[in-house]
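Below: the structure, in structure tokens.
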Amino acid sequence: ERAAFMSQIEFVGGQSLVNLLYPVLVNIDNVRTRAEVKNITQDQIYVVSGFQQIYVYLGLEITFEVIQQLTVGETIDIQKEITLNLESPNEVCQKLKNAVNNVKAIINRDLPVVCYSAQNRASQVILQQLIESKVDGMDFQEFLRIIQ
């Protein structure tokens, strides 16, 4: 896995490297924010990039009715991975589909999408994709200055 990752970054530079190494975090309204746990609110739906998957995080306050709109025709068990139906024409699905497509465009990779509710302990894998203010003693702005 490490060799595969290293082969991906060997010829990448600048902003592409930032988008590969640092996760992209957008909300359902397609507003990008710093990918830090402190920026996650429980009344929102987020799309987060990972190395092998794109994650959709449904905050604790997301209602069952909204989840139903995202899963039209699918069985819902919030204690498991939620199967999304982003082809549904309803507004919530279309907004989420746009946010997912935006993240794919930013990272320039077509990764599979998985979805978890914050009510499921498995959603922790999404929060683990996020970063804190400093990585190896260097904040995000310092990292950007070094690579550019």
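Residue names in the structure tokens use chain letters A, B, ... in the order shown, residue numbers from 1 in each chain, and ligand numbers from 1 in the order shown.
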A:Tyr55 environment, 10 Å, only C-alpha atoms, sequence neighbours closer than 2 positions dropped, as a PDB file with N, CA and C atoms, in the first residue's frame:
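So the final result, stored in out-v8.pdb, reads:
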ATOM      1  N   LEU A  25     -12.628  18.889   2.839  1.00  0.00           N
ATOM      2  CA  LEU A  25     -13.865  18.838   3.610  1.00  0.00           C
ATOM      3  C   LEU A  25     -14.821  19.890   3.064  1.00  0.00           C
ATOM      4  N   TYR A  46     -21.429  16.294   5.632  1.00  0.00           N
ATOM      5  CA  TYR A  46     -20.111  16.625   5.103  1.00  0.00           C
ATOM      6  C   TYR A  46     -19.633  15.559   4.129  1.00  0.00           C
ATOM      7  N   VAL A  47     -18.783  16.000   3.208  1.00  0.00           N
ATOM      8  CA  VAL A  47     -18.078  15.102   2.306  1.00  0.00           C
ATOM      9  C   VAL A  47     -16.595  15.298   2.598  1.00  0.00           C
ATOM     10  N   VAL A  48     -15.890  14.185   2.856  1.00  0.00           N
ATOM     11  CA  VAL A  48     -14.483  14.226   3.239  1.00  0.00           C
ATOM     12  C   VAL A  48     -13.692  13.294   2.326  1.00  0.00           C
ATOM     13  N   SER A  49     -12.582  13.791   1.804  1.00  0.00           N
ATOM     14  CA  SER A  49     -11.742  12.926   0.975  1.00  0.00           C
ATOM     15  C   SER A  49     -10.820  12.096   1.858  1.00  0.00           C
ATOM     16  N   GLY A  50     -10.606  10.862   1.462  1.00  0.00           N
ATOM     17  CA  GLY A  50      -9.638   9.978   2.087  1.00  0.00           C
ATOM     18  C   GLY A  50      -8.690   9.487   1.004  1.00  0.00           C
ATOM     19  N   GLN A  52      -8.407   6.303  -0.001  1.00  0.00           N
ATOM     20  CA  GLN A  52      -8.993   5.226  -0.791  1.00  0.00           C
ATOM     21  C   GLN A  52     -10.495   5.361  -0.990  1.00  0.00           C
ATOM     22  N   GLN A  53     -11.123   6.287  -0.273  1.00  0.00           N
ATOM     23  CA  GLN A  53     -12.571   6.459  -0.364  1.00  0.00           C
ATOM     24  C   GLN A  53     -12.925   7.921  -0.131  1.00  0.00           C
ATOM     25  N   TYR A  57     -20.476  12.086   5.825  1.00  0.00           N
ATOM     26  CA  TYR A  57     -20.724  12.061   7.266  1.00  0.00           C
ATOM     27  C   TYR A  57     -22.049  12.757   7.539  1.00  0.00           C
ATOM     28  N   LEU A  58     -22.970  12.029   8.140  1.00  0.00           N
ATOM     29  CA  LEU A  58     -24.275  12.581   8.514  1.00  0.00           C
ATOM     30  C   LEU A  58     -24.234  12.912  10.002  1.00  0.00           C
ATOM     31  N   VAL A 100     -20.134  15.825  -3.645  1.00  0.00           N
ATOM     32  CA  VAL A 100     -19.269  14.665  -3.894  1.00  0.00           C
ATOM     33  C   VAL A 100     -18.476  14.877  -5.184  1.00  0.00           C
ATOM     34  N   LEU A 111     -13.008   8.128  -6.565  1.00  0.00           N
ATOM     35  CA  LEU A 111     -12.984   7.121  -5.504  1.00  0.00           C
ATOM     36  C   LEU A 111     -14.397   6.687  -5.149  1.00  0.00           C
ATOM     37  N   PRO A 112     -14.536   5.480  -4.588  1.00  0.00           N
ATOM     38  CA  PRO A 112     -15.860   5.051  -4.125  1.00  0.00           C
ATOM     39  C   PRO A 112     -16.330   5.920  -2.955  1.00  0.00           C
ATOM     40  N   VAL A 113     -17.646   6.038  -2.823  1.00  0.00           N
ATOM     41  CA  VAL A 113     -18.245   6.875  -1.781  1.00  0.00           C
ATOM     42  C   VAL A 113     -18.902   5.976  -0.743  1.00  0.00           C
ATOM     43  N   VAL A 114     -18.578   6.207   0.530  1.00  0.00           N
ATOM     44  CA  VAL A 114     -19.222   5.491   1.629  1.00  0.00           C
ATOM     45  C   VAL A 114     -19.856   6.517   2.562  1.00  0.00           C
ATOM     46  N   CYS A 115     -20.922   6.110   3.230  1.00  0.00           N
ATOM     47  CA  CYS A 115     -21.673   7.036   4.078  1.00  0.00           C
ATOM     48  C   CYS A 115     -21.954   6.400   5.432  1.00  0.00           C
ATOM     49  N   TYR A 116     -21.741   7.196   6.485  1.00  0.00           N
ATOM     50  CA  TYR A 116     -22.056   6.763   7.840  1.00  0.00           C
ATOM     51  C   TYR A 116     -22.770   7.886   8.579  1.00  0.00           C
ATOM     52  N   SER A 123     -18.526   5.659  12.104  1.00  0.00           N
ATOM     53  CA  SER A 123     -18.308   7.003  11.550  1.00  0.00           C
ATOM     54  C   SER A 123     -16.991   7.602  12.035  1.00  0.00           C
ATOM     55  N   VAL A 125     -14.162   6.537  11.541  1.00  0.00           N
ATOM     56  CA  VAL A 125     -13.186   6.451  10.454  1.00  0.00           C
ATOM     57  C   VAL A 125     -13.190   7.739   9.632  1.00  0.00           C
ATOM     58  N   ILE A 126     -14.324   8.399   9.555  1.00  0.00           N
ATOM     59  CA  ILE A 126     -14.406   9.669   8.824  1.00  0.00           C
ATOM     60  C   ILE A 126     -13.663  10.755   9.594  1.00  0.00           C
ATOM     61  N   LEU A 127     -13.918  10.851  10.883  1.00  0.00           N
ATOM     62  CA  LEU A 127     -13.253  11.872  11.691  1.00  0.00           C
ATOM     63  C   LEU A 127     -11.749  11.648  11.721  1.00  0.00           C
ATOM     64  N   GLN A 129      -9.974  10.926   9.277  1.00  0.00           N
ATOM     65  CA  GLN A 129      -9.403  11.489   8.049  1.00  0.00           C
ATOM     66  C   GLN A 129      -9.020  12.950   8.231  1.00  0.00           C
TER      67      GLN A 129
END
A:Asn101, A:Asn108, A:Gln128, A:Ser117 ranked by distance to A:Thr63, top pick (using only C-alpha atoms):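 Of the candidates, the smallest distance to A:Thr63 is held by A:Ser117.
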Straight-line distance linking atom CA of A:Ile67 with atom CA of A:Val103, stated in Å to one decimal: 20.6 Å
Spatial neighbours of A:Asn98, max dist 12 Å, only C-alpha atoms, sep filter under 5 positions, as a PyMOL selection string: chain A and resi 26-31+46-47+86-87+91-93+103-105
Distance of atom CA of A:Ala122 from atom CA of A:Thr83, expressed in Å to one decimal place: 14.2 Å
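Nearest to A:Ala118 of all the residues A:Val24, A:Leu70, A:Leu60, A:Ile131 is A:Leu60, counting only C-alpha atoms.
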Between atom CA of A:Ile107 and atom CA of A:Asn90 - distance in Å to one decimal: 26.2 Å
Could you find all residues in stretch 31-72 of chain A that DSSP calls strand (DSSP E or B) from the backbone, and write them as a JSON list (two decimals) with C-alpha atoms, in the first residue's frame?
[["chain", "number", "residue", "atom", "x", "y", "z"],
["A", 32, "ARG", "CA", -15.12, 24.07, 1.75],
["A", 33, "THR", "CA", -13.60, 24.46, 5.18],
["A", 36, "GLU", "CA", -10.37, 19.76, 11.26],
["A", 45, "ILE", "CA", -23.77, 16.70, 6.16],
["A", 46, "TYR", "CA", -20.11, 16.63, 5.10],
["A", 47, "VAL", "CA", -18.08, 15.10, 2.31],
["A", 48, "VAL", "CA", -14.48, 14.23, 3.24],
["A", 49, "SER", "CA", -11.74, 12.93, 0.98],
["A", 54, "ILE", "CA", -14.70, 9.55, -0.21],
["A", 55, "TYR", "CA", -16.74, 9.68, 2.97],
["A", 56, "VAL", "CA", -20.15, 11.20, 3.60],
["A", 57, "TYR", "CA", -20.72, 12.06, 7.27],
["A", 58, "LEU", "CA", -24.28, 12.58, 8.51]]
Residue contacts of A:Val72 (7 Å, only C-alpha atoms) excluding same-chain residues fewer than 4 positions away, as a PyMOL selection string: chain A and resi 68+85+88
Residues of the last selection are to be written out with C-alpha atoms, as a PDB file, in the first residue's frame.
ATOM      1  CA  GLN A  68     -34.643   8.791   3.634  1.00  0.00           C
ATOM      2  CA  ASN A  85     -29.009   6.886  -3.965  1.00  0.00           C
ATOM      3  CA  SER A  88     -32.738  10.590  -7.025  1.00  0.00           C
TER       4      SER A  88
END
Write down as a PDB file with C-alpha atoms, in the first residue's frame the residues of stretch 33-116 of chain A whose backbone DSSP state falls under alpha helix (DSSP H).
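Contents of part.pdb, as written:
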ATOM      1  CA  PHE A  64     -34.420  10.338   9.510  1.00  0.00           C
ATOM      2  CA  GLU A  65     -36.499  12.146   6.875  1.00  0.00           C
ATOM      3  CA  VAL A  66     -33.359  13.663   5.331  1.00  0.00           C
ATOM      4  CA  ILE A  67     -31.619  10.282   5.414  1.00  0.00           C
ATOM      5  CA  GLN A  68     -34.643   8.791   3.634  1.00  0.00           C
ATOM      6  CA  GLN A  69     -34.277  11.394   0.878  1.00  0.00           C
ATOM      7  CA  LEU A  70     -30.623  10.373   0.404  1.00  0.00           C
ATOM      8  CA  GLU A  91     -32.967  18.557  -3.854  1.00  0.00           C
ATOM      9  CA  VAL A  92     -31.032  16.960  -0.969  1.00  0.00           C
ATOM     10  CA  CYS A  93     -29.625  14.232  -3.231  1.00  0.00           C
ATOM     11  CA  GLN A  94     -28.671  16.692  -5.924  1.00  0.00           C
ATOM     12  CA  LYS A  95     -26.866  18.949  -3.432  1.00  0.00           C
ATOM     13  CA  LEU A  96     -24.944  15.994  -2.004  1.00  0.00           C
ATOM     14  CA  LYS A  97     -24.135  14.665  -5.466  1.00  0.00           C
ATOM     15  CA  ASN A  98     -22.728  18.089  -6.411  1.00  0.00           C
ATOM     16  CA  ALA A  99     -20.612  18.186  -3.237  1.00  0.00           C
ATOM     17  CA  VAL A 100     -19.269  14.665  -3.894  1.00  0.00           C
ATOM     18  CA  ASN A 101     -18.455  15.547  -7.512  1.00  0.00           C
ATOM     19  CA  ASN A 102     -16.728  18.727  -6.342  1.00  0.00           C
ATOM     20  CA  VAL A 103     -14.493  16.751  -3.971  1.00  0.00           C
ATOM     21  CA  LYS A 104     -13.679  14.261  -6.744  1.00  0.00           C
ATOM     22  CA  ALA A 105     -12.718  17.160  -9.016  1.00  0.00           C
ATOM     23  CA  ILE A 106     -10.526  18.788  -6.348  1.00  0.00           C
ATOM     24  CA  ILE A 107      -8.598  15.590  -5.596  1.00  0.00           C
TER      25      ILE A 107
END
